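> Contents of my_file35.pdb (PDB, C-alpha atoms) are given next:
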ATOM      1  CA  LEU Q   1       3.959  -1.087  33.881
ATOM      2  CA  SER Q   2       4.963   1.143  30.968
ATOM      3  CA  GLY Q   3       5.272   4.824  30.266
ATOM      4  CA  SER Q   4       8.031   7.373  30.055
ATOM      5  CA  ALA Q   5      10.510   8.872  32.485
ATOM      6  CA  THR Q   6      13.214  11.559  32.577
ATOM      7  CA  TYR Q   7      16.876  10.582  32.206
ATOM      8  CA  LEU Q   8      19.255  13.144  33.721
ATOM      9  CA  TYR Q   9      22.746  13.466  32.163
ATOM     10  CA  ALA Q  10      24.186  16.593  33.707
ATOM     11  CA  VAL Q  11      23.503  19.835  35.501
ATOM     12  CA  ALA Q  12      24.726  23.243  34.309
ATOM     13  CA  ARG Q  13      24.391  26.863  35.307
ATOM     14  CA  THR Q  14      21.637  28.877  33.611
ATOM     15  CA  PRO Q  15      21.830  30.459  31.034
ATOM     16  CA  VAL Q  16      23.115  27.691  28.770
ATOM     17  CA  PRO Q  17      24.250  27.973  25.133
ATOM     18  CA  SER Q  18      21.768  26.700  22.556
ATOM     19  CA  LEU Q  19      21.519  22.946  22.091
ATOM     20  CA  PRO Q  20      23.345  21.421  19.116
ATOM     21  CA  LEU Q  21      20.727  20.585  16.492
ATOM     22  CA  ASP Q  22      19.386  17.060  16.601
ATOM     23  CA  LEU Q  23      21.486  15.873  19.559
ATOM     24  CA  ARG Q  24      20.316  12.383  20.512
ATOM     25  CA  GLY Q  25      20.731  10.705  23.878
ATOM     26  CA  VAL Q  26      20.225   7.151  25.097
ATOM     27  CA  SER Q  27      18.088   5.024  22.821
ATOM     28  CA  GLU Q  28      18.039   7.824  20.217
ATOM     29  CA  ALA Q  29      15.767  10.171  22.188
ATOM     30  CA  PRO Q  30      16.253  13.938  21.582
ATOM     31  CA  VAL Q  31      18.217  15.746  24.298
ATOM     32  CA  ARG Q  32      16.411  18.646  26.023
ATOM     33  CA  PHE Q  33      17.172  21.354  28.564
ATOM     34  CA  VAL Q  34      14.835  21.969  31.479
ATOM     35  CA  SER Q  35      15.613  24.897  33.763
ATOM     36  CA  GLU Q  36      14.539  26.293  37.051
ATOM     37  CA  GLY Q  37      16.222  29.393  38.411
ATOM     38  CA  ASP Q  38      20.009  29.294  38.030
ATOM     39  CA  LEU Q  39      20.260  25.561  37.286
ATOM     40  CA  THR Q  40      19.591  23.740  34.021
ATOM     41  CA  CYS Q  41      19.169  19.969  33.684
ATOM     42  CA  VAL Q  42      20.281  18.119  30.545
ATOM     43  CA  VAL Q  43      17.670  15.395  30.039
ATOM     44  CA  SER Q  44      15.947  13.121  27.567
ATOM     45  CA  THR Q  45      12.826  11.012  27.748
ATOM     46  CA  VAL Q  46      13.268   7.272  28.232
ATOM     47  CA  ASP Q  47      10.912   4.351  28.225
ATOM     48  CA  LEU Q  48      10.121   2.670  31.545
ATOM     49  CA  ASP Q  49      10.094  -0.660  29.698
ATOM     50  CA  GLU Q  50      13.850  -0.139  29.365
ATOM     51  CA  PHE Q  51      14.744   2.102  32.341
ATOM     52  CA  GLY Q  52      12.198   1.163  34.977
ATOM     53  CA  GLU Q  53      13.743  -0.343  38.094
ATOM     54  CA  GLU Q  54      13.112  -3.967  37.199
ATOM     55  CA  PRO Q  55      14.102  -3.943  33.470
ATOM     56  CA  LEU Q  56      17.057  -1.674  34.259
ATOM     57  CA  GLY Q  57      18.377  -4.164  36.791
ATOM     58  CA  ARG Q  58      18.303  -6.834  34.098
ATOM     59  CA  ASN Q  59      19.719  -4.585  31.358
ATOM     60  CA  LEU Q  60      22.671  -3.500  33.484
ATOM     61  CA  GLU Q  61      23.877  -7.086  33.523
ATOM     62  CA  ASP Q  62      23.854  -7.272  29.743
ATOM     63  CA  LEU Q  63      27.284  -6.119  28.575
ATOM     64  CA  ASP Q  64      26.081  -5.156  25.089
ATOM     65  CA  TRP Q  65      23.276  -3.017  26.523
ATOM     66  CA  LEU Q  66      25.566  -1.468  29.123
ATOM     67  CA  ALA Q  67      28.262  -0.670  26.519
ATOM     68  CA  ARG Q  68      25.736   0.983  24.208
ATOM     69  CA  VAL Q  69      24.053   3.068  26.899
ATOM     70  CA  ALA Q  70      27.393   4.054  28.482
ATOM     71  CA  ARG Q  71      28.595   5.326  25.075
ATOM     72  CA  GLU Q  72      25.322   7.148  24.346
ATOM     73  CA  HIS Q  73      25.423   8.730  27.807
ATOM     74  CA  ASP Q  74      29.084   9.686  27.327
ATOM     75  CA  ALA Q  75      28.397  11.200  23.884
ATOM     76  CA  VAL Q  76      25.851  13.616  25.392
ATOM     77  CA  VAL Q  77      28.068  14.499  28.353
ATOM     78  CA  HIS Q  78      31.099  15.030  26.055
ATOM     79  CA  GLU Q  79      29.090  17.262  23.721
ATOM     80  CA  MET Q  80      27.757  19.344  26.628
ATOM     81  CA  ALA Q  81      31.210  19.684  28.201
ATOM     82  CA  ARG Q  82      32.514  21.195  24.947
ATOM     83  CA  SER Q  83      30.406  24.313  25.280
ATOM     84  CA  MET Q  84      29.805  24.781  29.008
ATOM     85  CA  THR Q  85      30.751  23.735  32.528
ATOM     86  CA  ILE Q  86      28.688  20.766  33.659
ATOM     87  CA  VAL Q  87      28.337  18.403  36.590
ATOM     88  CA  PRO Q  88      27.875  14.952  34.998
ATOM     89  CA  LEU Q  89      25.519  12.497  36.664
ATOM     90  CA  ARG Q  90      26.021   8.800  37.193
ATOM     91  CA  LEU Q  91      24.791   6.503  34.410
ATOM     92  CA  ALA Q  92      21.067   5.770  34.471
ATOM     93  CA  THR Q  93      19.842   8.436  36.894
ATOM     94  CA  VAL Q  94      16.132   8.410  36.091
ATOM     95  CA  TYR Q  95      13.154  10.373  37.467
ATOM     96  CA  THR Q  96       9.421   9.958  37.015
ATOM     97  CA  ASP Q  97       9.216  13.263  35.124
ATOM     98  CA  ASP Q  98      10.991  16.589  34.457
ATOM     99  CA  ALA Q  99       9.426  18.198  37.516
ATOM    100  CA  SER Q 100      10.753  15.560  39.871
ATOM    101  CA  ALA Q 101      14.268  15.807  38.340
ATOM    102  CA  LEU Q 102      14.180  19.578  38.827
ATOM    103  CA  ARG Q 103      12.918  19.178  42.380
ATOM    104  CA  ARG Q 104      15.775  16.794  43.302
ATOM    105  CA  VAL Q 105      18.416  19.006  41.664
ATOM    106  CA  GLY Q 106      16.873  22.020  43.402
ATOM    107  CA  GLU Q 107      17.448  20.313  46.752
ATOM    108  CA  LEU Q 108      21.145  20.048  45.877
ATOM    109  CA  ARG Q 109      21.401  23.593  44.521
ATOM    110  CA  ALA Q 110      24.086  24.906  46.875
ATOM    111  CA  THR Q 111      26.464  21.986  46.361
ATOM    112  CA  ALA Q 112      25.757  21.891  42.622
ATOM    113  CA  LEU Q 113      26.740  25.554  42.260
ATOM    114  CA  ALA Q 114      29.863  25.040  44.393
ATOM    115  CA  THR Q 115      30.866  22.013  42.283
ATOM    116  CA  LEU Q 116      30.309  23.978  39.055
ATOM    117  CA  ASP Q 117      32.708  26.622  40.405
ATOM    118  CA  VAL Q 118      35.380  23.976  41.072
ATOM    119  CA  LEU Q 119      34.989  22.389  37.614
ATOM    120  CA  GLU Q 120      34.989  25.629  35.616
ATOM    121  CA  GLY Q 121      37.821  25.791  33.048
ATOM    122  CA  ARG Q 122      39.089  22.343  34.003
ATOM    123  CA  GLU Q 123      39.116  18.888  32.473
ATOM    124  CA  GLU Q 124      39.905  15.345  33.552
ATOM    125  CA  TRP Q 125      42.855  13.178  32.483
ATOM    126  CA  GLY Q 126      43.247   9.497  33.280
ATOM    127  CA  VAL Q 127      46.605   7.846  33.946
ATOM    128  CA  LYS Q 128      46.928   4.080  34.241
ATOM    129  CA  MET Q 129      50.131   2.263  35.161
ATOM    130  CA  TYR Q 130      50.921  -1.425  34.801
ATOM    131  CA  ALA Q 131      53.727  -3.510  36.266
ATOM    132  CA  VAL Q 132      55.356  -4.433  32.962
ATOM    133  CA  PRO Q 133      58.523  -6.529  33.364
ATOM    134  CA  GLN Q 134      61.650  -4.536  32.461
ATOM    135  CA  ALA Q 135      63.178  -7.252  30.305
ATOM    136  CA  PRO Q 136      63.176 -11.055  30.153
ATOM    137  CA  ALA Q 137      64.047 -12.295  33.644
ATOM    138  CA  THR Q 138      67.813 -12.433  34.093
ATOM    139  CA  VAL Q 139      67.714 -15.003  36.854
ATOM    140  CA  GLY Q 140      68.093 -18.458  35.429
ATOM    141  CA  ALA Q 141      67.339 -17.344  31.876
ATOM    142  CA  ALA Q 142      70.633 -18.347  30.308
ATOM    143  CA  ALA Q 143      71.812 -20.462  33.221
ATOM    144  CA  PRO Q 144      72.638 -24.124  32.680
ATOM    145  CA  ARG Q 145      70.203 -26.724  33.915
ATOM    146  CA  PRO Q 146      70.261 -27.057  37.685
ATOM    147  CA  VAL Q 147      72.593 -29.843  38.744
ATOM    148  CA  SER Q 148      70.901 -30.597  42.033
ATOM    149  CA  GLY Q 149      67.646 -30.159  43.892
ATOM    150  CA  VAL Q 150      69.339 -27.693  46.238
ATOM    151  CA  GLU Q 151      70.572 -25.643  43.281
ATOM    152  CA  TYR Q 152      67.077 -25.722  41.736
ATOM    153  CA  LEU Q 153      65.473 -24.490  44.975
ATOM    154  CA  ARG Q 154      68.061 -21.719  45.324
ATOM    155  CA  ARG Q 155      67.273 -20.430  41.815
ATOM    156  CA  ARG Q 156      63.536 -20.745  42.337
ATOM    157  CA  ARG Q 157      63.784 -18.720  45.565
ATOM    158  CA  ALA Q 158      65.806 -16.043  43.756
ATOM    159  CA  GLU Q 159      63.149 -15.844  41.036
ATOM    160  CA  LEU Q 160      60.329 -15.453  43.548
ATOM    161  CA  ASP Q 161      62.312 -12.835  45.507
ATOM    162  CA  GLN Q 162      62.825 -10.866  42.349
ATOM    163  CA  ARG Q 163      59.174 -11.078  41.435
ATOM    164  CA  SER Q 164      57.913  -9.867  44.832
ATOM    165  CA  GLY Q 165      60.612  -7.179  44.819
ATOM    166  CA  ASP Q 166      59.335  -6.098  41.401
ATOM    167  CA  ALA Q 167      55.779  -5.815  42.733
ATOM    168  CA  VAL Q 168      56.889  -3.599  45.637
ATOM    169  CA  ALA Q 169      59.014  -1.471  43.295
ATOM    170  CA  ALA Q 170      56.092  -1.074  40.875
ATOM    171  CA  ALA Q 171      53.765   0.045  43.686
ATOM    172  CA  ASN Q 172      56.328   2.577  44.944
ATOM    173  CA  ASP Q 173      56.894   3.838  41.423
ATOM    174  CA  ALA Q 174      53.124   4.307  40.950
ATOM    175  CA  ASP Q 175      52.939   6.297  44.216
ATOM    176  CA  ALA Q 176      55.786   8.534  43.077
ATOM    177  CA  VAL Q 177      54.214   9.181  39.664
ATOM    178  CA  PHE Q 178      50.835   9.938  41.278
ATOM    179  CA  GLU Q 179      52.507  12.514  43.547
ATOM    180  CA  GLN Q 180      54.451  14.037  40.668
ATOM    181  CA  LEU Q 181      51.347  14.460  38.474
ATOM    182  CA  ARG Q 182      49.236  15.629  41.410
ATOM    183  CA  GLN Q 183      51.437  18.733  41.557
ATOM    184  CA  ILE Q 184      50.178  19.820  38.121
ATOM    185  CA  SER Q 185      46.524  19.090  38.926
ATOM    186  CA  VAL Q 186      43.859  20.783  41.012
ATOM    187  CA  ILE Q 187      42.454  17.552  42.462
ATOM    188  CA  ALA Q 188      43.692  13.984  42.064
ATOM    189  CA  ARG Q 189      41.991  10.753  42.968
ATOM    190  CA  GLN Q 190      42.468   7.049  42.456
ATOM    191  CA  HIS Q 191      39.956   4.586  41.098
ATOM    192  CA  ARG Q 192      40.158   0.948  42.058
ATOM    193  CA  PRO Q 193      42.577  -0.993  39.829
ATOM    194  CA  GLN Q 194      40.742  -2.531  36.888
ATOM    195  CA  ASP Q 195      40.080  -6.235  36.863
ATOM    196  CA  PRO Q 196      42.183  -7.988  34.176
ATOM    197  CA  ALA Q 197      39.128 -10.143  33.404
ATOM    198  CA  LEU Q 198      37.239  -6.987  32.427
ATOM    199  CA  SER Q 199      39.994  -4.955  30.770
ATOM    200  CA  GLY Q 200      41.737  -7.819  28.990
ATOM    201  CA  VAL Q 201      45.130  -6.417  30.078
ATOM    202  CA  THR Q 202      47.131  -9.112  31.846
ATOM    203  CA  HIS Q 203      49.899  -7.003  33.429
ATOM    204  CA  PRO Q 204      48.977  -6.094  37.019
ATOM    205  CA  MET Q 205      47.504  -2.579  37.222
ATOM    206  CA  VAL Q 206      49.352  -0.517  39.822
ATOM    207  CA  LEU Q 207      47.722   2.875  39.253
ATOM    208  CA  ASN Q 208      44.275   3.921  37.998
ATOM    209  CA  ALA Q 209      44.222   7.641  38.652
ATOM    210  CA  ALA Q 210      42.196  10.654  37.539
ATOM    211  CA  PHE Q 211      43.442  14.234  37.596
ATOM    212  CA  LEU Q 212      41.415  17.432  37.352
ATOM    213  CA  VAL Q 213      43.624  19.853  35.419
ATOM    214  CA  ASP Q 214      43.250  23.517  34.407
ATOM    215  CA  ARG Q 215      42.745  23.507  30.624
ATOM    216  CA  THR Q 216      45.601  25.970  30.315
ATOM    217  CA  ARG Q 217      47.920  23.457  32.024
ATOM    218  CA  SER Q 218      46.766  20.402  30.054
ATOM    219  CA  PRO Q 219      49.707  20.568  27.567
ATOM    220  CA  GLU Q 220      52.136  20.651  30.496
ATOM    221  CA  PHE Q 221      50.325  17.737  32.157
ATOM    222  CA  CYS Q 222      50.414  15.641  28.979
ATOM    223  CA  SER Q 223      54.090  16.254  28.313
ATOM    224  CA  GLU Q 224      54.868  15.302  31.922
ATOM    225  CA  VAL Q 225      53.012  12.009  31.373
ATOM    226  CA  ASP Q 226      54.958  11.517  28.104
ATOM    227  CA  ALA Q 227      58.208  12.016  29.991
ATOM    228  CA  VAL Q 228      57.175   9.507  32.655
ATOM    229  CA  ALA Q 229      56.157   6.992  29.976
ATOM    230  CA  SER Q 230      59.383   7.356  28.018
ATOM    231  CA  GLN Q 231      61.406   6.307  31.076
ATOM    232  CA  ARG Q 232      59.463   3.064  31.487
ATOM    233  CA  PRO Q 233      58.774  -0.069  29.440
ATOM    234  CA  GLU Q 234      56.355   0.133  26.513
ATOM    235  CA  GLY Q 235      52.744   0.003  27.735
ATOM    236  CA  ALA Q 236      53.565   0.644  31.409
ATOM    237  CA  VAL Q 237      51.954   4.112  31.383
ATOM    238  CA  VAL Q 238      48.684   4.873  29.581
ATOM    239  CA  LEU Q 239      47.126   8.348  29.309
ATOM    240  CA  THR Q 240      43.398   8.739  28.565
ATOM    241  CA  GLY Q 241      41.352  11.887  28.045
ATOM    242  CA  PRO Q 242      40.495  14.610  28.116
ATOM    243  CA  TRP Q 243      37.353  13.430  29.868
ATOM    244  CA  PRO Q 244      34.408  15.448  31.131
ATOM    245  CA  PRO Q 245      35.002  15.779  34.888
ATOM    246  CA  TYR Q 246      33.296  12.461  35.719
ATOM    247  CA  SER Q 247      35.631  11.596  38.579
ATOM    248  CA  PHE Q 248      35.280  14.968  40.290
ATOM    249  CA  ALA Q 249      31.542  15.521  40.150
ATOM    250  CA  THR Q 250      30.722  14.085  43.525
ATOM    251  CA  LEU Q 251      27.996  16.055  45.245
ATOM    252  CA  ASP Q 252      27.414  15.187  48.846
ATOM    253  CA  GLU Q 253      23.817  14.462  49.649
ATOM    254  CA  PRO Q 254      22.593  17.039  52.177
TER     255      PRO Q 254
ATOM    256  CA  MET R   1      24.604 -11.935  24.435
ATOM    257  CA  SER R   2      27.951 -11.595  22.722
ATOM    258  CA  VAL R   3      31.226 -10.248  24.006
ATOM    259  CA  ASP R   4      33.196  -9.481  20.874
ATOM    260  CA  LEU R   5      34.981  -6.288  21.810
ATOM    261  CA  HIS R   6      38.583  -5.947  20.723
ATOM    262  CA  SER R   7      40.957  -5.546  23.645
ATOM    263  CA  GLY R   8      41.415  -1.825  22.912
ATOM    264  CA  GLN R   9      37.674  -1.217  22.799
ATOM    265  CA  ARG R  10      37.216  -3.266  25.900
ATOM    266  CA  ALA R  11      39.890  -1.324  27.767
ATOM    267  CA  SER R  12      38.264   1.981  26.799
ATOM    268  CA  LEU R  13      34.850   0.679  27.830
ATOM    269  CA  VAL R  14      36.245  -0.238  31.242
ATOM    270  CA  ASP R  15      37.774   3.269  31.551
ATOM    271  CA  LEU R  16      34.350   4.692  30.773
ATOM    272  CA  LEU R  17      32.557   2.396  33.236
ATOM    273  CA  ASP R  18      35.043   3.422  35.954
ATOM    274  CA  ARG R  19      33.745   6.928  35.430
ATOM    275  CA  VAL R  20      30.035   6.612  34.691
ATOM    276  CA  LEU R  21      29.314   3.848  37.206
ATOM    277  CA  ALA R  22      31.872   4.022  39.986
ATOM    278  CA  THR R  23      31.932   7.803  40.241
ATOM    279  CA  GLY R  24      29.848  10.704  39.080
ATOM    280  CA  VAL R  25      27.225  12.428  41.055
ATOM    281  CA  VAL R  26      25.392  10.061  43.279
ATOM    282  CA  VAL R  27      21.986  11.639  43.326
ATOM    283  CA  SER R  28      19.283   9.136  43.843
ATOM    284  CA  GLY R  29      16.792   8.987  41.018
ATOM    285  CA  ASP R  30      13.263   8.213  42.099
ATOM    286  CA  VAL R  31      12.957   5.494  39.491
ATOM    287  CA  THR R  32      16.442   3.986  39.308
ATOM    288  CA  ILE R  33      17.765   1.212  41.433
ATOM    289  CA  SER R  34      19.519   1.957  44.677
ATOM    290  CA  LEU R  35      23.211   2.735  44.897
ATOM    291  CA  ALA R  36      23.934  -0.681  46.359
ATOM    292  CA  GLY R  37      22.421  -2.190  43.229
ATOM    293  CA  VAL R  38      24.675  -0.129  40.988
ATOM    294  CA  ASP R  39      27.775  -1.195  42.899
ATOM    295  CA  LEU R  40      26.815  -4.794  42.300
ATOM    296  CA  ILE R  41      26.913  -4.320  38.533
ATOM    297  CA  THR R  42      30.676  -4.498  38.155
ATOM    298  CA  VAL R  43      30.792  -7.574  40.357
ATOM    299  CA  ARG R  44      28.182  -9.285  38.202
ATOM    300  CA  LEU R  45      29.883  -8.169  34.978
ATOM    301  CA  ARG R  46      33.153  -9.603  36.195
ATOM    302  CA  ALA R  47      31.498 -12.930  36.872
ATOM    303  CA  LEU R  48      29.786 -12.799  33.490
ATOM    304  CA  ILE R  49      32.988 -12.076  31.581
ATOM    305  CA  SER R  50      35.009 -14.704  33.427
ATOM    306  CA  THR R  51      32.343 -17.207  32.459
ATOM    307  CA  VAL R  52      32.453 -16.148  28.813
ATOM    308  CA  ARG R  53      36.248 -16.370  28.782
ATOM    309  CA  GLU R  54      36.251 -19.833  30.303
ATOM    310  CA  ASP R  55      33.781 -20.925  27.660
ATOM    311  CA  MET R  56      36.103 -19.667  24.943
ATOM    312  CA  GLU R  57      39.157 -21.432  26.323
TER     313      GLU R  57
END
Starting from the file, lay out its structure as structure tokens.

Amino acid sequence: LSGSATYLYAVARTPVPSLPLDLRGVSEAPVRFVSEGDLTCVVSTVDLDEFGEEPLGRNLEDLDWLARVAREHDAVVHEMARSMTIVPLRLATVYTDDASALRRVGELRATALATLDVLEGREEWGVKMYAVPQAPATVGAAAPRPVSGVEYLRRRRAELDQRSGDAVAAANDADAVFEQLRQISVIARQHRPQDPALSGVTHPMVLNAAFLVDRTRSPEFCSEVDAVASQRPEGAVVLTGPWPPYSFATLDEP
Amino acid sequence: MSVDLHSGQRASLVDLLDRVLATGVVVSGDVTISLAGVDLITVRLRALISTVREDME
């Protein structure tokens, strides 16, 4: 089975500003607007050989393919978010044709418009926190070799106690930072901690949060994150963004 | 397939995947795989990358 289909990136309120010249989407296809009434869909045409259900299932398990398409998708969403308020869609939302994309979005019209109102004038920031050890462990570091098995076990117990205490302290610290930053945001939410096998970061992740912030308050938000980071070990706090409002674009299905 | 991303690139890719796969509007496409299928992706990727890493070690 081959043919083409419609890939939906985002939904915006009509009228929309003119498209940047020669904007390309996934697999280099030109990005288009299709509108019906007060909603406009940002779309491009994709090949069913690549995005049909069966090939897509296979492609999504190919990290190189996934990385490329995620970046192409993100480039379109970023570009759109620069000039207008949008509700971004999940990666690889594909319809048989423009009409069926418009029909589905039309069914969600009320929630789409309400979400656009919430997202207007706001952007997303990401804050990740890791449990980075304060300094080389003090317990047993410079201590002489244990003289007995009992002494060895006592030191080992102390080390383990410190480590589990550190984990609890790191979790509490992450909660406190989340609360502190939430005050400056409109909505805050937490993603699942990232898997070290995927991210390549070995320190345990204790916070993977996203904050929807008024653009006018973004400088304040960023300097608050800087302040938090400066009071903690190098690499314990990581700020990412600004992002299009990916984490806050959840429309409930009617 | 090759996994040759630098750790920084890989970290930013994972940040992006958190957003474009795990969240975002969940509107069912009439062509795309079901939501359950999408949720499986990260699980499969994790398995894939652990395998690649073990091979490298």
> Write out, as JSON lines, each residue of chain Q that has an atom at most 6 Å from chain R, together with the closest pair of atoms and their distance in Å to one decimal, counting all atoms listed in the file, rows going by chain and rising number.

{"residue": "Q:Glu53", "atom": "CA", "partner": "R:Thr32", "partner_atom": "CA", "distance": 5.2}
{"residue": "Q:Leu89", "atom": "CA", "partner": "R:Val25", "partner_atom": "CA", "distance": 4.7}
{"residue": "Q:Arg90", "atom": "CA", "partner": "R:Gly24", "partner_atom": "CA", "distance": 4.7}
{"residue": "Q:Leu91", "atom": "CA", "partner": "R:Val20", "partner_atom": "CA", "distance": 5.3}
{"residue": "Q:Thr93", "atom": "CA", "partner": "R:Gly29", "partner_atom": "CA", "distance": 5.2}
{"residue": "Q:Val94", "atom": "CA", "partner": "R:Gly29", "partner_atom": "CA", "distance": 5.0}
{"residue": "Q:Tyr95", "atom": "CA", "partner": "R:Asp30", "partner_atom": "CA", "distance": 5.1}
{"residue": "Q:Ser199", "atom": "CA", "partner": "R:Ala11", "partner_atom": "CA", "distance": 4.7}
{"residue": "Q:Gly200", "atom": "CA", "partner": "R:Ser7", "partner_atom": "CA", "distance": 5.9}
{"residue": "Q:Tyr246", "atom": "CA", "partner": "R:Gly24", "partner_atom": "CA", "distance": 5.1}
{"residue": "Q:Ser247", "atom": "CA", "partner": "R:Thr23", "partner_atom": "CA", "distance": 5.6}
{"residue": "Q:Ala249", "atom": "CA", "partner": "R:Gly24", "partner_atom": "CA", "distance": 5.2}
{"residue": "Q:Thr250", "atom": "CA", "partner": "R:Val25", "partner_atom": "CA", "distance": 4.6}
{"residue": "Q:Leu251", "atom": "CA", "partner": "R:Val25", "partner_atom": "CA", "distance": 5.6}
> Take the residues just selected and output them with C-alpha atoms as a short mmCIF file (atom, residue, chain, number, x, y, z; two decimals), keeping the file's coordinate frame.

data_model
loop_
_atom_site.label_atom_id
_atom_site.label_comp_id
_atom_site.auth_asym_id
_atom_site.auth_seq_id
_atom_site.Cartn_x
_atom_site.Cartn_y
_atom_site.Cartn_z
CA GLU Q 53 13.74 -0.34 38.09
CA LEU Q 89 25.52 12.50 36.66
CA ARG Q 90 26.02 8.80 37.19
CA LEU Q 91 24.79 6.50 34.41
CA THR Q 93 19.84 8.44 36.89
CA VAL Q 94 16.13 8.41 36.09
CA TYR Q 95 13.15 10.37 37.47
CA SER Q 199 39.99 -4.96 30.77
CA GLY Q 200 41.74 -7.82 28.99
CA TYR Q 246 33.30 12.46 35.72
CA SER Q 247 35.63 11.60 38.58
CA ALA Q 249 31.54 15.52 40.15
CA THR Q 250 30.72 14.08 43.52
CA LEU Q 251 28.00 16.06 45.24
#
> CA of Asp64 (chain Q) and CA of Val206 (chain Q), how far apart in Å?
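According to the coordinates, CA of Val206 (chain Q) and CA of Asp64 (chain Q) are separated by 27.9 Å.
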> What does the distance between CA of Gly126 (chain Q) and CA of Leu212 (chain Q) come to in Å, to one decimal place?
9.1 Å
> Could you tell me, as a short mmCIF file (atom, residue, chain, number, x, y, z; two decimals) with C-alpha atoms, keeping the file's coordinate frame, exactly which residues end up selected when the PyMOL selection byres ((chain Q and resi 34-50) around 9) is applied to this structure?

data_model
loop_
_atom_site.label_atom_id
_atom_site.label_comp_id
_atom_site.auth_asym_id
_atom_site.auth_seq_id
_atom_site.Cartn_x
_atom_site.Cartn_y
_atom_site.Cartn_z
CA LEU Q 1 3.96 -1.09 33.88
CA SER Q 2 4.96 1.14 30.97
CA GLY Q 3 5.27 4.82 30.27
CA SER Q 4 8.03 7.37 30.06
CA ALA Q 5 10.51 8.87 32.48
CA THR Q 6 13.21 11.56 32.58
CA TYR Q 7 16.88 10.58 32.21
CA LEU Q 8 19.26 13.14 33.72
CA TYR Q 9 22.75 13.47 32.16
CA ALA Q 10 24.19 16.59 33.71
CA VAL Q 11 23.50 19.84 35.50
CA ALA Q 12 24.73 23.24 34.31
CA ARG Q 13 24.39 26.86 35.31
CA THR Q 14 21.64 28.88 33.61
CA PRO Q 15 21.83 30.46 31.03
CA VAL Q 16 23.12 27.69 28.77
CA ARG Q 24 20.32 12.38 20.51
CA GLY Q 25 20.73 10.70 23.88
CA VAL Q 26 20.23 7.15 25.10
CA SER Q 27 18.09 5.02 22.82
CA ALA Q 29 15.77 10.17 22.19
CA PRO Q 30 16.25 13.94 21.58
CA VAL Q 31 18.22 15.75 24.30
CA ARG Q 32 16.41 18.65 26.02
CA PHE Q 33 17.17 21.35 28.56
CA PHE Q 51 14.74 2.10 32.34
CA GLY Q 52 12.20 1.16 34.98
CA GLU Q 53 13.74 -0.34 38.09
CA GLU Q 54 13.11 -3.97 37.20
CA PRO Q 55 14.10 -3.94 33.47
CA LEU Q 56 17.06 -1.67 34.26
CA ASN Q 59 19.72 -4.58 31.36
CA VAL Q 76 25.85 13.62 25.39
CA VAL Q 77 28.07 14.50 28.35
CA MET Q 80 27.76 19.34 26.63
CA VAL Q 94 16.13 8.41 36.09
CA ASP Q 97 9.22 13.26 35.12
CA ASP Q 98 10.99 16.59 34.46
CA ALA Q 99 9.43 18.20 37.52
CA ALA Q 101 14.27 15.81 38.34
CA LEU Q 102 14.18 19.58 38.83
CA VAL Q 105 18.42 19.01 41.66
CA GLY Q 106 16.87 22.02 43.40
CA ARG Q 109 21.40 23.59 44.52
CA ALA Q 112 25.76 21.89 42.62
CA LEU Q 113 26.74 25.55 42.26
CA VAL R 31 12.96 5.49 39.49
#
> In Å to one decimal, how far is CA of Asp175 (chain Q) from CA of Arg217 (chain Q)?
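Separation of CA of Arg217 (chain Q) and CA of Asp175 (chain Q): 21.6 Å.
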> Determine the residue membership of the PyMOL selection byres ((chain Q and resi 82) around 12) for the file above and supply it as a PyMOL selection string.
chain Q and resi 17+19-20+75-81+83-86+120-123+215+242-245
